[in-house]
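Novice: Handing you this structure, nothing more for now.
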Amino acid sequence: MQERRISRIPAFTPVPLRARVDGWSPVRQAEFIGLLAQTRCVKKAAALVGMSRDSAYRLRRKPGAEEFVAAWDMIMGVPVGQRRKVTLETLFQRIQQGSYRPVLRGGRYVGTVRKADNSALLTLLGRLDRMLPPEEDGGEGLEGDRK
């Protein structure tokens with residue numbers, strides 16, 4: 001069987017957890033995903049970040065783990081299921097935490113890039129804008145207010 005090589009891992013929002021020194025921090029989650037892409041072994045990747053295989057599977061089942069699970073499944077070659085609706089809670093989580101993208105070079109994990117999730121912010125603003133009631137003045141805005 002021919003082994004599939006991964007060149008790029010999608011960015012994901014880490015699973016929201018309370019901060020613990022010995023827990024699954026956002027950086028540790030990203031390192032795990034990067035090392036999973038390198039080793040293709042959950043047990044090895046978890047051990048390399050100082051966690052257990054069982055705790056990795058528990059992390060998968062936590063609320064808010066959808067993007068983490070999607071990155072994991074993409075690496076392991078699991079077919080992509082239907083996309084879930086993105087809730088306001090998920091958007092706030094993505095805005096607050098940002099996204100993490102593990103970086104591979106030559107099939108080896110070399111680091112993680114963290115960036116603000118601007119698309120989540122724009123999506124949230126669009127949804128909030130649609131939730132506002134229509135203005136009574138016909139939408140003329142500031143220009144129509146000058147006389």
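How things are named: the first chain in the structure tokens is A, the next is B, and so on; residues count from 1 in each chain; ligands count from 1 in the order shown.
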Set the distance at 6 Å and use only C-alpha atoms: which residues neighbour A:Asp117 once local chain neighbours fewer than 3 positions away are removed? I'd like the list as a ChimeraX atom specification.

Specialist: /A:95,98-99,120

Novice: Do you know which residues are at most 12 Å from A:Pro14 counting only C-alpha atoms, after dropping those on the same chain fewer than 6 positions away, and could you put them as a PyMOL selection string?

Specialist: chain A and resi 24-33+59-60+62-72+90+93-102+114+117

Novice: Name the residues in contact with A:Leu91 at a cut-off of 8 Å, using only C-alpha atoms, excluding same-chain residues fewer than 5 positions from it; report them as a ChimeraX atom specification.

Specialist: /A:86,120-121,123-124

Novice: Could you save those same residues with all heavy atoms as an mmCIF file, in the first residue's frame?

Specialist:
```cif
data_model
loop_
_atom_site.group_PDB
_atom_site.id
_atom_site.type_symbol
_atom_site.label_atom_id
_atom_site.label_comp_id
_atom_site.auth_asym_id
_atom_site.auth_seq_id
_atom_site.Cartn_x
_atom_site.Cartn_y
_atom_site.Cartn_z
ATOM 1 N N VAL A 86 -22.119 26.784 11.388
ATOM 2 C CA VAL A 86 -21.254 27.486 12.317
ATOM 3 C C VAL A 86 -22.131 28.388 13.186
ATOM 4 O O VAL A 86 -22.812 29.282 12.683
ATOM 5 C CB VAL A 86 -20.191 28.323 11.575
ATOM 6 C CG1 VAL A 86 -19.333 29.089 12.549
ATOM 7 C CG2 VAL A 86 -19.333 27.425 10.700
ATOM 8 N N ALA A 120 -13.706 34.771 10.508
ATOM 9 C CA ALA A 120 -14.734 34.566 11.534
ATOM 10 C C ALA A 120 -15.300 35.912 11.987
ATOM 11 O O ALA A 120 -16.509 36.048 12.192
ATOM 12 C CB ALA A 120 -14.161 33.808 12.729
ATOM 13 N N LEU A 121 -14.434 36.914 12.117
ATOM 14 C CA LEU A 121 -14.888 38.242 12.510
ATOM 15 C C LEU A 121 -15.819 38.836 11.455
ATOM 16 O O LEU A 121 -16.886 39.366 11.777
ATOM 17 C CB LEU A 121 -13.694 39.156 12.749
ATOM 18 C CG LEU A 121 -13.999 40.588 13.169
ATOM 19 C CD1 LEU A 121 -14.791 40.613 14.470
ATOM 20 C CD2 LEU A 121 -12.712 41.373 13.312
ATOM 21 N N THR A 123 -17.587 37.199 9.211
ATOM 22 C CA THR A 123 -18.819 36.404 9.195
ATOM 23 C C THR A 123 -19.737 36.835 10.331
ATOM 24 O O THR A 123 -20.943 37.010 10.144
ATOM 25 C CB THR A 123 -18.500 34.903 9.316
ATOM 26 O OG1 THR A 123 -17.668 34.521 8.222
ATOM 27 C CG2 THR A 123 -19.764 34.060 9.318
ATOM 28 N N LEU A 124 -19.154 37.015 11.532
ATOM 29 C CA LEU A 124 -19.946 37.443 12.681
ATOM 30 C C LEU A 124 -20.557 38.820 12.444
ATOM 31 O O LEU A 124 -21.739 39.043 12.718
ATOM 32 C CB LEU A 124 -19.093 37.454 13.945
ATOM 33 C CG LEU A 124 -19.803 37.922 15.216
ATOM 34 C CD1 LEU A 124 -20.915 36.951 15.598
ATOM 35 C CD2 LEU A 124 -18.820 38.070 16.349
#
```

Novice: If we count only C-alpha atoms, what is near A:Arg108 at a cut-off of 8 Å, once residues fewer than 5 positions away on the same chain are taken out, given as a list in words?

Specialist: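 Final neighbour list, sorted by chain and number: Leu35, Ala37 and Gln38 of chain A.
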
Novice: Suppose you want the space between atom CA of A:Val113 and atom CA of A:Asp22; what is it in Å?

Specialist: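 It comes out at 21.5 Å.
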
Novice: Figure out the distance between atom CA of A:Pro10 and atom CA of A:Phe92, please, to one decimal in Å.

Specialist: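 Atom CA of A:Phe92 sits 19.6 Å away from atom CA of A:Pro10.
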
Novice: Atom CA of A:Gly50 and atom CA of A:Ile9 are how many Å apart?

Specialist: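 Going from atom CA of A:Gly50 over to atom CA of A:Ile9, I get 21.4 Å.
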
Novice: Pick from A:Ala46, A:Leu132, A:Ile75, A:Ala11: nearest to A:Ala116, with only C-alpha atoms counted?

Specialist: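 Residue with the minimum atom-to-atom distance to A:Ala116: A:Ala11.
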
Novice: Mind checking DSSP for chain A and telling me the strand (DSSP E or B) residues as a ChimeraX atom specification?

Specialist: /A:12,99-105,108-115

Novice: Pull N, CA and C atoms from the residues just selected and write them as a short mmCIF file (atom, residue, chain, number, x, y, z; two decimals), in the first residue's frame.

Specialist:
```cif
data_model
loop_
_atom_site.label_atom_id
_atom_site.label_comp_id
_atom_site.auth_asym_id
_atom_site.auth_seq_id
_atom_site.Cartn_x
_atom_site.Cartn_y
_atom_site.Cartn_z
N PHE A 12 -6.87 25.39 12.04
CA PHE A 12 -8.03 25.00 12.84
C PHE A 12 -8.06 25.83 14.12
N SER A 99 -6.58 31.08 14.88
CA SER A 99 -6.42 29.74 14.31
C SER A 99 -4.95 29.35 14.34
N TYR A 100 -4.72 28.07 14.37
CA TYR A 100 -3.37 27.52 14.42
C TYR A 100 -3.19 26.62 13.20
N ARG A 101 -2.05 26.75 12.53
CA ARG A 101 -1.78 25.89 11.39
C ARG A 101 -0.39 25.28 11.56
N PRO A 102 -0.35 23.97 11.80
CA PRO A 102 0.95 23.29 11.85
C PRO A 102 1.62 23.34 10.47
N VAL A 103 2.93 23.50 10.47
CA VAL A 103 3.69 23.63 9.22
C VAL A 103 4.57 22.40 9.04
N LEU A 104 4.50 21.83 7.84
CA LEU A 104 5.33 20.69 7.49
C LEU A 104 6.33 21.10 6.41
N ARG A 105 7.53 20.59 6.50
CA ARG A 105 8.55 20.76 5.46
C ARG A 105 9.10 19.38 5.15
N ARG A 108 7.89 16.62 7.44
CA ARG A 108 8.22 16.67 8.87
C ARG A 108 7.63 17.93 9.49
N TYR A 109 7.12 17.81 10.70
CA TYR A 109 6.56 18.94 11.43
C TYR A 109 7.69 19.87 11.86
N VAL A 110 7.58 21.16 11.52
CA VAL A 110 8.63 22.12 11.88
C VAL A 110 8.16 23.24 12.80
N GLY A 111 6.87 23.43 12.94
CA GLY A 111 6.38 24.50 13.82
C GLY A 111 4.92 24.80 13.56
N THR A 112 4.44 25.82 14.25
CA THR A 112 3.04 26.20 14.17
C THR A 112 2.92 27.70 13.95
N VAL A 113 2.00 28.08 13.09
CA VAL A 113 1.71 29.49 12.84
C VAL A 113 0.37 29.81 13.47
N ARG A 114 0.31 30.87 14.28
CA ARG A 114 -0.95 31.31 14.88
C ARG A 114 -1.30 32.65 14.27
N LYS A 115 -2.58 32.79 13.89
CA LYS A 115 -3.01 34.07 13.34
C LYS A 115 -4.45 34.35 13.73
#
```

Novice: Just checking: using only C-alpha atoms, which residue out of A:Leu122, A:Arg8, A:Arg130, A:Met76 ends up closest to A:Cys41?

Specialist: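 Smallest separation from A:Cys41 among the options: A:Met76.
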
Novice: From a DSSP calculation on the backbone, collect every residue of chain A in helix (DSSP H, G or I) and output the set as a count of residues only.

Specialist: 69
